[in-house]
Amino acid sequence: MNPTPLLEKARQLRADFPILSQTHPSGRPLIYFDNAATAQKPRVVIERLSTFLATQNANIHRGVHWLSQEATHLYEKARETVQHFLGAASPEEIIFVRGATEGINLIAQGLRRAYFQPGDEIILSTLEHHANIVPWQLVAEELPLRLKPLPLTSEGAVDISALPDFLSPRTRLIAITHTSNGLGTRTPIEEIVAFAKAHDIPVLLDACQSIVHEAIDVQKLPVDFLVFSGHKLYGPTGIGVVYMRHPWGRKLPPYQGGGDMIVRVTWEKTRYAPPPAKFEAGTPAIAEAIVLATAIHYITDTVGYDFIQTYEAYLTDLAETLLRNVPGLTLYGTARPRGPIWSFNIEGIHPHDLGTFLDSWGIAVRVGHHCNQPLMDALGVPATARLSLAFYNLPEELQTLQEALLAAVEFFHKPLPSLRHE
Amino acid sequence: MSSELESLYQEIILEHSRYPRNYGRLPQPTHHAEGYNPLCGDQVHLTLQVDGEAIRDIRFEGQSCAICKASASVMTSLVKGLPLSEVEQLYEAFHALLTAEEPPTFSHIAPKYQDYLLAFGAVRNYPMRVKCATLPWHTLHAALHESHHELVSTENL
């Protein structure tokens, strides 16, 4: 493959992200490799937020005045953008929330009140983020429920050969990540959904890390619930999406009570609005939802998932080659297919010390447990360093990372002449 | 190599993290506590033999970064054999060194201890790392004073 046209496009797109041209306090160029935590924002996103606040801001669904109608129209257009982005059948299936964490809590509490029975079981996986563990534990403690995490293959992918053993007559949900935020490995979700459909079990997909790297169509991948966060998809914080396949939105009770989610309130009895309003009590993140739509248009129209897939595959091969050439470096979870996310450790260097060292080179990586403590336990490590890429990262940045890692090995393993202090 | 990094990872720190003193667990401690930083997963387990008014023996173990491990190693070396009142003084001095708006003068601390404490002085320039250095000291404090709160977290101090 000739990478030149890809690199040209990546450099062009990179220019859309003002933050990336900053100089780190060390005087080096900023290298942002913490994209799985949050992505940087293109200028169109930044400007859209400013334009909305400067010229279109009003509350929605409750004003007959010009600005309120305009804001309401934009907010509902944003919902339609998300609907088409996911291939959802109707805007009723798209619920705006603060982020994926709130989304999973909304679904978990709804299922708890309208669906689960004591003794029911949920199949998850060892890869889950705390946001797809703790909301279920809260429900499980109350009912109780049993949570069954699928094991991993030796290469860090979900081992779906265990699925038949995990199935029981009490299995009522499979809630699983699409791409691991810790290891980058991609779950064989097509097989899982087929298995679940065959046994009439609903599936919740945590698409936070996958939707950044691949297009998802809920008609081709017929999950019942899907969540993602806007800020990882180059949009603002404080906005996320729940896709809730019809008729789940009709069956589940509201998550929170308040304004905008009702048809009629009296002291005797309140009738709830139909979905999605039923799940959006109070004034939502109006500006953020509208700006999320701008981010989605930027990804699908300006960047394009074809480019993301091709270019990130090129970066993936390069990153793995460079990392493997660092002495003492262990890569956790090398299975393919994968997203451009890797956890690693270097022998004799704690990831925290490595993170501080890399920061002195202007390189931002995440270190710690990545809200993945059960996964860290399974790997037998307390923490890792994590490299996560976006389409605006460049090969020379990966070269600098390798150089910095080699320097870290030298620094932390240097001979100490004044050994044996008292 | 940046000089800031050299001052953070001074030789005393690198050396103590590579060859930690008093590493392990006392079989029959009179006091113990577990310190935990939920943000990064650092863990320190302290066991102590306190005899009357002094720490007779102390050991630590756990999973932690170089700063935390060196801090635990230095701390256990300094407090072993010390009267509890002096331990308290060192605890306060160390805490002030890393967190007080004005770094303290150590005139009240015996000179032989000062170099070891001051080796951690640059940590204050790395706000995200301060808890790495203070975790062992908070755990010691809890082991001595809070027998009912044996799990110390950096997030509810």
# chains A, B, ... in the order shown; residues from 1 in each chain; ligands from 1
>>> residues_around(residues="A:Leu401", least_positions_apart="4", cutoff="10 Å", atoms="only C-alpha atoms", output="PyMOL selection string")
chain A and resi 31+33+319+322-323+358+361-365+387+395-397+405-407
>>> select_by_dssp(residues="stretch 252-376 of chain A", states="alpha helix (DSSP H)", output="PyMOL selection string")
chain A and resi 286-297+305-324+351-359+373-376
>>> write_last_selection(atoms="N, CA and C atoms", output="compact mmCIF listing (two decimals), in the first residue's frame")
# COMPACT_ATOMS: atom_id res chain seq x y z
N ILE A 286 -28.90 21.05 25.31
CA ILE A 286 -29.39 21.46 23.98
C ILE A 286 -28.23 21.78 23.04
N ALA A 287 -27.37 22.68 23.47
CA ALA A 287 -26.25 23.08 22.62
C ALA A 287 -25.39 21.87 22.27
N GLU A 288 -25.13 21.04 23.27
CA GLU A 288 -24.23 19.90 23.07
C GLU A 288 -24.83 18.89 22.09
N ALA A 289 -26.15 18.68 22.16
CA ALA A 289 -26.79 17.74 21.22
C ALA A 289 -26.65 18.28 19.79
N ILE A 290 -26.87 19.56 19.63
CA ILE A 290 -26.79 20.17 18.29
C ILE A 290 -25.36 20.10 17.77
N VAL A 291 -24.40 20.33 18.66
CA VAL A 291 -23.00 20.29 18.24
C VAL A 291 -22.56 18.84 17.98
N LEU A 292 -23.13 17.89 18.70
CA LEU A 292 -22.83 16.48 18.41
C LEU A 292 -23.19 16.15 16.96
N ALA A 293 -24.33 16.68 16.54
CA ALA A 293 -24.74 16.43 15.14
C ALA A 293 -23.69 16.99 14.18
N THR A 294 -23.13 18.14 14.51
CA THR A 294 -22.07 18.72 13.66
C THR A 294 -20.86 17.79 13.63
N ALA A 295 -20.50 17.24 14.80
CA ALA A 295 -19.36 16.32 14.87
C ALA A 295 -19.63 15.08 14.02
N ILE A 296 -20.85 14.58 14.07
CA ILE A 296 -21.20 13.38 13.28
C ILE A 296 -21.09 13.67 11.79
N HIS A 297 -21.60 14.85 11.38
CA HIS A 297 -21.48 15.21 9.95
C HIS A 297 -20.01 15.34 9.56
N TYR A 305 -15.65 7.24 7.11
CA TYR A 305 -15.24 6.01 7.79
C TYR A 305 -14.28 5.17 6.94
N ASP A 306 -14.39 5.27 5.60
CA ASP A 306 -13.45 4.51 4.77
C ASP A 306 -12.02 4.98 5.04
N PHE A 307 -11.86 6.30 5.10
CA PHE A 307 -10.53 6.83 5.38
C PHE A 307 -10.08 6.42 6.79
N ILE A 308 -10.97 6.56 7.76
CA ILE A 308 -10.62 6.21 9.15
C ILE A 308 -10.12 4.77 9.21
N GLN A 309 -10.86 3.86 8.57
CA GLN A 309 -10.50 2.45 8.63
C GLN A 309 -9.15 2.18 7.96
N THR A 310 -8.96 2.75 6.77
CA THR A 310 -7.74 2.47 6.02
C THR A 310 -6.52 3.08 6.70
N TYR A 311 -6.66 4.34 7.08
CA TYR A 311 -5.52 5.04 7.65
C TYR A 311 -5.17 4.48 9.04
N GLU A 312 -6.19 4.20 9.84
CA GLU A 312 -5.92 3.66 11.17
C GLU A 312 -5.33 2.25 11.11
N ALA A 313 -5.69 1.49 10.07
CA ALA A 313 -5.07 0.17 9.89
C ALA A 313 -3.58 0.32 9.61
N TYR A 314 -3.25 1.33 8.82
CA TYR A 314 -1.84 1.63 8.53
C TYR A 314 -1.10 2.03 9.82
N LEU A 315 -1.72 2.92 10.60
CA LEU A 315 -1.10 3.33 11.87
C LEU A 315 -0.97 2.15 12.85
N THR A 316 -1.96 1.27 12.81
CA THR A 316 -1.97 0.12 13.71
C THR A 316 -0.76 -0.78 13.46
N ASP A 317 -0.50 -1.09 12.20
CA ASP A 317 0.66 -1.93 11.88
C ASP A 317 1.95 -1.25 12.32
N LEU A 318 2.03 0.04 12.06
CA LEU A 318 3.24 0.78 12.41
C LEU A 318 3.44 0.81 13.94
N ALA A 319 2.36 1.11 14.65
CA ALA A 319 2.45 1.22 16.12
C ALA A 319 2.90 -0.11 16.72
N GLU A 320 2.32 -1.20 16.22
CA GLU A 320 2.67 -2.50 16.80
C GLU A 320 4.14 -2.84 16.52
N THR A 321 4.60 -2.54 15.31
CA THR A 321 6.01 -2.79 14.98
C THR A 321 6.92 -1.98 15.90
N LEU A 322 6.60 -0.71 16.08
CA LEU A 322 7.45 0.15 16.90
C LEU A 322 7.45 -0.28 18.37
N LEU A 323 6.27 -0.62 18.89
CA LEU A 323 6.19 -1.03 20.29
C LEU A 323 6.94 -2.33 20.54
N ARG A 324 6.82 -3.25 19.58
CA ARG A 324 7.48 -4.55 19.77
C ARG A 324 9.00 -4.43 19.77
N PRO A 351 3.72 2.08 35.25
CA PRO A 351 3.09 2.93 34.23
C PRO A 351 2.96 4.40 34.65
N HIS A 352 2.80 4.67 35.94
CA HIS A 352 2.70 6.07 36.36
C HIS A 352 3.98 6.82 36.11
N ASP A 353 5.09 6.16 36.42
CA ASP A 353 6.38 6.80 36.18
C ASP A 353 6.60 6.97 34.68
N LEU A 354 6.15 5.97 33.91
CA LEU A 354 6.28 6.07 32.46
C LEU A 354 5.43 7.23 31.93
N GLY A 355 4.22 7.39 32.49
CA GLY A 355 3.34 8.48 32.05
C GLY A 355 3.96 9.84 32.30
N THR A 356 4.56 10.01 33.48
CA THR A 356 5.22 11.28 33.79
C THR A 356 6.42 11.49 32.87
N PHE A 357 7.16 10.43 32.62
CA PHE A 357 8.32 10.52 31.73
C PHE A 357 7.88 10.94 30.32
N LEU A 358 6.86 10.27 29.79
CA LEU A 358 6.40 10.60 28.44
C LEU A 358 5.86 12.03 28.37
N ASP A 359 5.22 12.46 29.45
CA ASP A 359 4.71 13.84 29.47
C ASP A 359 5.85 14.84 29.32
N GLN A 373 -10.82 -2.30 36.21
CA GLN A 373 -10.12 -3.07 37.24
C GLN A 373 -10.30 -4.58 37.12
N PRO A 374 -11.52 -5.08 36.82
CA PRO A 374 -11.61 -6.53 36.63
C PRO A 374 -10.73 -7.04 35.49
N LEU A 375 -10.57 -6.24 34.45
CA LEU A 375 -9.66 -6.64 33.37
C LEU A 375 -8.21 -6.65 33.85
N MET A 376 -7.83 -5.61 34.62
CA MET A 376 -6.46 -5.57 35.15
C MET A 376 -6.20 -6.81 36.02
>>> closest_residue(among="A:Leu204, A:Ala157, A:Ser26, A:Arg250", to="chain B", atoms="only C-alpha atoms")
A:Ser26
>>> closest_atom_pairs(of="chain B", to="chain A", cutoff="9 Å", atoms="only C-alpha atoms", output="JSON lines")
{"residue": "B:Met1", "atom": "CA", "partner": "A:Ala407", "partner_atom": "CA", "distance": 8.5}
{"residue": "B:Ser2", "atom": "CA", "partner": "A:Ser360", "partner_atom": "CA", "distance": 7.0}
{"residue": "B:Glu4", "atom": "CA", "partner": "A:Ser360", "partner_atom": "CA", "distance": 8.4}
{"residue": "B:Leu5", "atom": "CA", "partner": "A:Phe357", "partner_atom": "CA", "distance": 7.2}
{"residue": "B:Tyr9", "atom": "CA", "partner": "A:Phe412", "partner_atom": "CA", "distance": 8.9}
{"residue": "B:Glu11", "atom": "CA", "partner": "A:Leu416", "partner_atom": "CA", "distance": 6.9}
{"residue": "B:Ile12", "atom": "CA", "partner": "A:His421", "partner_atom": "CA", "distance": 7.4}
{"residue": "B:Leu14", "atom": "CA", "partner": "A:Phe412", "partner_atom": "CA", "distance": 7.4}
{"residue": "B:Glu15", "atom": "CA", "partner": "A:Leu419", "partner_atom": "CA", "distance": 6.7}
{"residue": "B:His16", "atom": "CA", "partner": "A:His421", "partner_atom": "CA", "distance": 8.5}
{"residue": "B:Arg18", "atom": "CA", "partner": "A:Gly348", "partner_atom": "CA", "distance": 8.5}
{"residue": "B:Tyr19", "atom": "CA", "partner": "A:Arg420", "partner_atom": "CA", "distance": 8.5}
{"residue": "B:Leu39", "atom": "CA", "partner": "A:Gly368", "partner_atom": "CA", "distance": 7.3}
{"residue": "B:Cys40", "atom": "CA", "partner": "A:Gly368", "partner_atom": "CA", "distance": 4.6}
{"residue": "B:Gly41", "atom": "CA", "partner": "A:Pro382", "partner_atom": "CA", "distance": 6.0}
{"residue": "B:Asp42", "atom": "CA", "partner": "A:Pro382", "partner_atom": "CA", "distance": 7.6}
{"residue": "B:Gln43", "atom": "CA", "partner": "A:Pro382", "partner_atom": "CA", "distance": 9.0}
{"residue": "B:Gln63", "atom": "CA", "partner": "A:Pro382", "partner_atom": "CA", "distance": 7.0}
{"residue": "B:Ser64", "atom": "CA", "partner": "A:His350", "partner_atom": "CA", "distance": 7.1}
{"residue": "B:Cys65", "atom": "CA", "partner": "A:His350", "partner_atom": "CA", "distance": 5.0}
{"residue": "B:Ala66", "atom": "CA", "partner": "A:Asp353", "partner_atom": "CA", "distance": 6.6}
{"residue": "B:Ile67", "atom": "CA", "partner": "A:Asp353", "partner_atom": "CA", "distance": 7.8}
{"residue": "B:Ser77", "atom": "CA", "partner": "A:Glu422", "partner_atom": "CA", "distance": 8.5}
{"residue": "B:Tyr126", "atom": "CA", "partner": "A:Thr356", "partner_atom": "CA", "distance": 8.6}
{"residue": "B:Arg129", "atom": "CA", "partner": "A:His352", "partner_atom": "CA", "distance": 8.5}
>>> residues_around(residues="stretch 236-243 of chain A", least_positions_apart="5", cutoff="10 Å", atoms="only C-alpha atoms", output="NGL selection string")
:A and (38-41 or 45-46 or 49 or 79 or 82-83 or 86 or 88 or 91-104 or 106-107 or 204-206 or 208 or 218 or 223-231 or 249 or 276 or 279 or 284-292 or 295)
>>> write_last_selection(atoms="C-alpha atoms", output="PDB file, in the first residue's frame")
ATOM      1  CA  THR A  38     -11.567  11.927  24.944  1.00  0.00           C
ATOM      2  CA  ALA A  39     -11.018  13.076  21.384  1.00  0.00           C
ATOM      3  CA  GLN A  40      -9.968  16.576  20.367  1.00  0.00           C
ATOM      4  CA  LYS A  41     -12.460  18.847  18.627  1.00  0.00           C
ATOM      5  CA  VAL A  45     -17.437  21.739  16.266  1.00  0.00           C
ATOM      6  CA  ILE A  46     -15.894  24.572  18.258  1.00  0.00           C
ATOM      7  CA  LEU A  49     -21.032  25.723  19.756  1.00  0.00           C
ATOM      8  CA  ARG A  79     -31.800  13.638  16.903  1.00  0.00           C
ATOM      9  CA  VAL A  82     -28.099  10.506  15.117  1.00  0.00           C
ATOM     10  CA  GLN A  83     -30.979   8.358  13.885  1.00  0.00           C
ATOM     11  CA  LEU A  86     -27.036   4.628  13.428  1.00  0.00           C
ATOM     12  CA  ALA A  88     -32.361   3.636  13.518  1.00  0.00           C
ATOM     13  CA  PRO A  91     -36.143   9.357  16.003  1.00  0.00           C
ATOM     14  CA  GLU A  92     -38.254   7.946  18.843  1.00  0.00           C
ATOM     15  CA  GLU A  93     -35.465   5.372  19.328  1.00  0.00           C
ATOM     16  CA  ILE A  94     -32.803   8.029  19.985  1.00  0.00           C
ATOM     17  CA  ILE A  95     -32.505   9.376  23.541  1.00  0.00           C
ATOM     18  CA  PHE A  96     -30.073  12.118  24.464  1.00  0.00           C
ATOM     19  CA  VAL A  97     -28.271  11.595  27.779  1.00  0.00           C
ATOM     20  CA  ARG A  98     -25.155  13.057  29.414  1.00  0.00           C
ATOM     21  CA  GLY A  99     -22.945  10.225  28.214  1.00  0.00           C
ATOM     22  CA  ALA A 100     -22.697   6.463  27.904  1.00  0.00           C
ATOM     23  CA  THR A 101     -22.523   6.071  31.695  1.00  0.00           C
ATOM     24  CA  GLU A 102     -25.851   7.781  32.189  1.00  0.00           C
ATOM     25  CA  GLY A 103     -27.186   5.809  29.233  1.00  0.00           C
ATOM     26  CA  ILE A 104     -26.382   2.437  30.789  1.00  0.00           C
ATOM     27  CA  LEU A 106     -30.992   4.643  32.394  1.00  0.00           C
ATOM     28  CA  ILE A 107     -31.361   1.250  30.718  1.00  0.00           C
ATOM     29  CA  LEU A 204     -26.901  -3.953  24.900  1.00  0.00           C
ATOM     30  CA  LEU A 205     -23.837  -2.751  23.019  1.00  0.00           C
ATOM     31  CA  ASP A 206     -21.351  -0.323  24.550  1.00  0.00           C
ATOM     32  CA  CYS A 208     -18.115   4.151  22.977  1.00  0.00           C
ATOM     33  CA  VAL A 218     -28.430  -1.153  13.895  1.00  0.00           C
ATOM     34  CA  VAL A 223     -28.967  -4.865  18.972  1.00  0.00           C
ATOM     35  CA  ASP A 224     -31.727  -3.774  21.322  1.00  0.00           C
ATOM     36  CA  PHE A 225     -29.759  -1.070  23.100  1.00  0.00           C
ATOM     37  CA  LEU A 226     -26.653   0.853  22.143  1.00  0.00           C
ATOM     38  CA  VAL A 227     -24.837   3.668  23.934  1.00  0.00           C
ATOM     39  CA  PHE A 228     -22.022   6.037  23.045  1.00  0.00           C
ATOM     40  CA  SER A 229     -20.570   9.308  24.337  1.00  0.00           C
ATOM     41  CA  GLY A 230     -20.300  12.444  22.232  1.00  0.00           C
ATOM     42  CA  HIS A 231     -16.943  13.619  23.508  1.00  0.00           C
ATOM     43  CA  GLY A 249     -39.007   2.683  24.832  1.00  0.00           C
ATOM     44  CA  PRO A 276     -37.881   9.730  23.580  1.00  0.00           C
ATOM     45  CA  PHE A 279     -36.510   9.625  29.090  1.00  0.00           C
ATOM     46  CA  PRO A 284     -31.388  18.670  28.177  1.00  0.00           C
ATOM     47  CA  ALA A 285     -27.914  19.536  26.911  1.00  0.00           C
ATOM     48  CA  ILE A 286     -29.389  21.457  23.983  1.00  0.00           C
ATOM     49  CA  ALA A 287     -26.255  23.085  22.616  1.00  0.00           C
ATOM     50  CA  GLU A 288     -24.232  19.903  23.074  1.00  0.00           C
ATOM     51  CA  ALA A 289     -26.785  17.745  21.219  1.00  0.00           C
ATOM     52  CA  ILE A 290     -26.792  20.165  18.295  1.00  0.00           C
ATOM     53  CA  VAL A 291     -22.997  20.287  18.239  1.00  0.00           C
ATOM     54  CA  LEU A 292     -22.827  16.480  18.415  1.00  0.00           C
ATOM     55  CA  ALA A 295     -19.355  16.318  14.874  1.00  0.00           C
TER      56      ALA A 295
END
>>> closest_residue(among="B:Pro136, B:Ser7, B:Val79, B:Tyr23", to="B:Arg124", atoms="only C-alpha atoms")
B:Ser7
>>> residues_around(residues="B:Gln114", least_positions_apart="6", cutoff="12 Å", atoms="only C-alpha atoms", output="PyMOL selection string")
chain B and resi 74-75+78+90+93-94+97+104-108+120-121
>>> write_last_selection(atoms="N, CA and C atoms", output="JSON list (two decimals), in the first residue's frame")
[["chain", "number", "residue", "atom", "x", "y", "z"],
["B", 74, "VAL", "N", 11.72, 5.04, 52.20],
["B", 74, "VAL", "CA", 12.36, 6.09, 52.99],
["B", 74, "VAL", "C", 11.63, 6.27, 54.33],
["B", 75, "MET", "N", 10.30, 6.30, 54.25],
["B", 75, "MET", "CA", 9.51, 6.50, 55.46],
["B", 75, "MET", "C", 9.78, 5.42, 56.50],
["B", 78, "LEU", "N", 13.09, 5.87, 58.10],
["B", 78, "LEU", "CA", 13.18, 7.01, 59.02],
["B", 78, "LEU", "C", 12.46, 6.75, 60.34],
["B", 90, "LEU", "N", 7.53, 14.21, 61.63],
["B", 90, "LEU", "CA", 7.97, 13.90, 60.27],
["B", 90, "LEU", "C", 6.79, 13.86, 59.31],
["B", 93, "ALA", "N", 5.78, 17.33, 58.56],
["B", 93, "ALA", "CA", 6.80, 18.00, 57.75],
["B", 93, "ALA", "C", 6.70, 17.53, 56.29],
["B", 94, "PHE", "N", 6.53, 16.22, 56.11],
["B", 94, "PHE", "CA", 6.46, 15.66, 54.76],
["B", 94, "PHE", "C", 5.22, 16.18, 54.03],
["B", 97, "LEU", "N", 5.72, 19.71, 53.04],
["B", 97, "LEU", "CA", 6.69, 19.81, 51.94],
["B", 97, "LEU", "C", 6.00, 19.66, 50.59],
["B", 104, "PRO", "N", 7.93, 24.40, 53.59],
["B", 104, "PRO", "CA", 8.37, 24.71, 54.94],
["B", 104, "PRO", "C", 9.89, 24.70, 55.07],
["B", 105, "THR", "N", 10.38, 25.35, 56.11],
["B", 105, "THR", "CA", 11.78, 25.15, 56.48],
["B", 105, "THR", "C", 11.78, 23.98, 57.46],
["B", 106, "PHE", "N", 12.84, 23.24, 57.42],
["B", 106, "PHE", "CA", 12.87, 22.01, 58.22],
["B", 106, "PHE", "C", 13.73, 22.17, 59.46],
["B", 107, "SER", "N", 13.78, 23.43, 60.01],
["B", 107, "SER", "CA", 14.70, 23.68, 61.11],
["B", 107, "SER", "C", 14.42, 22.78, 62.32],
["B", 108, "HIS", "N", 13.14, 22.37, 62.46],
["B", 108, "HIS", "CA", 12.81, 21.55, 63.64],
["B", 108, "HIS", "C", 13.05, 20.07, 63.39],
["B", 120, "PHE", "N", 12.01, 14.49, 48.05],
["B", 120, "PHE", "CA", 10.68, 14.42, 47.47],
["B", 120, "PHE", "C", 10.10, 15.81, 47.16],
["B", 121, "GLY", "N", 10.92, 16.83, 47.39],
["B", 121, "GLY", "CA", 10.42, 18.21, 47.25],
["B", 121, "GLY", "C", 9.87, 18.53, 45.87]]
>>> decode(residues="stretch 110-163 of chain A", atoms="C-alpha atoms", output="PDB file, in the first residue's frame")
ATOM      1  CA  GLY A 110     -35.605   0.770  33.448  1.00  0.00           C
ATOM      2  CA  LEU A 111     -35.025  -2.957  33.072  1.00  0.00           C
ATOM      3  CA  ARG A 112     -34.882  -3.322  36.838  1.00  0.00           C
ATOM      4  CA  ARG A 113     -38.369  -1.892  37.211  1.00  0.00           C
ATOM      5  CA  ALA A 114     -40.061  -3.389  34.156  1.00  0.00           C
ATOM      6  CA  TYR A 115     -38.202  -6.519  33.141  1.00  0.00           C
ATOM      7  CA  PHE A 116     -35.803  -8.285  35.519  1.00  0.00           C
ATOM      8  CA  GLN A 117     -36.967 -10.805  38.090  1.00  0.00           C
ATOM      9  CA  PRO A 118     -34.929 -11.912  41.121  1.00  0.00           C
ATOM     10  CA  GLY A 119     -32.493 -14.615  40.076  1.00  0.00           C
ATOM     11  CA  ASP A 120     -32.165 -13.422  36.475  1.00  0.00           C
ATOM     12  CA  GLU A 121     -28.729 -13.439  34.860  1.00  0.00           C
ATOM     13  CA  ILE A 122     -26.800 -10.998  32.699  1.00  0.00           C
ATOM     14  CA  ILE A 123     -23.876 -12.056  30.510  1.00  0.00           C
ATOM     15  CA  LEU A 124     -21.112  -9.457  30.233  1.00  0.00           C
ATOM     16  CA  SER A 125     -17.405  -9.784  29.510  1.00  0.00           C
ATOM     17  CA  THR A 126     -14.096  -9.415  31.294  1.00  0.00           C
ATOM     18  CA  LEU A 127     -13.388  -6.405  29.057  1.00  0.00           C
ATOM     19  CA  GLU A 128     -16.173  -4.223  30.425  1.00  0.00           C
ATOM     20  CA  HIS A 129     -15.564  -0.643  31.489  1.00  0.00           C
ATOM     21  CA  HIS A 130     -16.754   0.120  35.038  1.00  0.00           C
ATOM     22  CA  ALA A 131     -19.680   1.968  33.385  1.00  0.00           C
ATOM     23  CA  ASN A 132     -20.952  -1.384  32.095  1.00  0.00           C
ATOM     24  CA  ILE A 133     -20.352  -3.177  35.404  1.00  0.00           C
ATOM     25  CA  VAL A 134     -21.374  -0.969  38.305  1.00  0.00           C
ATOM     26  CA  PRO A 135     -24.873   0.021  37.035  1.00  0.00           C
ATOM     27  CA  TRP A 136     -25.688  -3.699  36.816  1.00  0.00           C
ATOM     28  CA  GLN A 137     -24.196  -4.359  40.244  1.00  0.00           C
ATOM     29  CA  LEU A 138     -26.476  -1.679  41.701  1.00  0.00           C
ATOM     30  CA  VAL A 139     -29.475  -3.486  40.226  1.00  0.00           C
ATOM     31  CA  ALA A 140     -28.069  -6.920  41.077  1.00  0.00           C
ATOM     32  CA  GLU A 141     -27.724  -6.016  44.754  1.00  0.00           C
ATOM     33  CA  GLU A 142     -31.369  -5.019  44.943  1.00  0.00           C
ATOM     34  CA  LEU A 143     -33.042  -7.915  43.194  1.00  0.00           C
ATOM     35  CA  PRO A 144     -30.681  -9.946  43.271  1.00  0.00           C
ATOM     36  CA  LEU A 145     -29.289 -10.702  39.810  1.00  0.00           C
ATOM     37  CA  ARG A 146     -26.287 -12.752  38.766  1.00  0.00           C
ATOM     38  CA  LEU A 147     -23.593 -11.172  36.568  1.00  0.00           C
ATOM     39  CA  LYS A 148     -21.576 -13.584  34.447  1.00  0.00           C
ATOM     40  CA  PRO A 149     -18.501 -12.125  32.709  1.00  0.00           C
ATOM     41  CA  LEU A 150     -17.299 -14.023  29.641  1.00  0.00           C
ATOM     42  CA  PRO A 151     -13.582 -14.903  29.788  1.00  0.00           C
ATOM     43  CA  LEU A 152     -10.911 -13.734  27.345  1.00  0.00           C
ATOM     44  CA  THR A 153      -8.833 -15.605  24.818  1.00  0.00           C
ATOM     45  CA  SER A 154      -5.066 -15.589  25.375  1.00  0.00           C
ATOM     46  CA  GLU A 155      -4.934 -12.692  22.898  1.00  0.00           C
ATOM     47  CA  GLY A 156      -7.369 -10.555  24.862  1.00  0.00           C
ATOM     48  CA  ALA A 157     -10.562 -10.926  22.825  1.00  0.00           C
ATOM     49  CA  VAL A 158     -13.882 -12.042  24.311  1.00  0.00           C
ATOM     50  CA  ASP A 159     -13.959 -15.831  24.182  1.00  0.00           C
ATOM     51  CA  ILE A 160     -17.351 -16.521  22.654  1.00  0.00           C
ATOM     52  CA  SER A 161     -16.810 -20.263  22.705  1.00  0.00           C
ATOM     53  CA  ALA A 162     -17.875 -19.956  26.365  1.00  0.00           C
ATOM     54  CA  LEU A 163     -21.288 -18.517  25.401  1.00  0.00           C
TER      55      LEU A 163
END
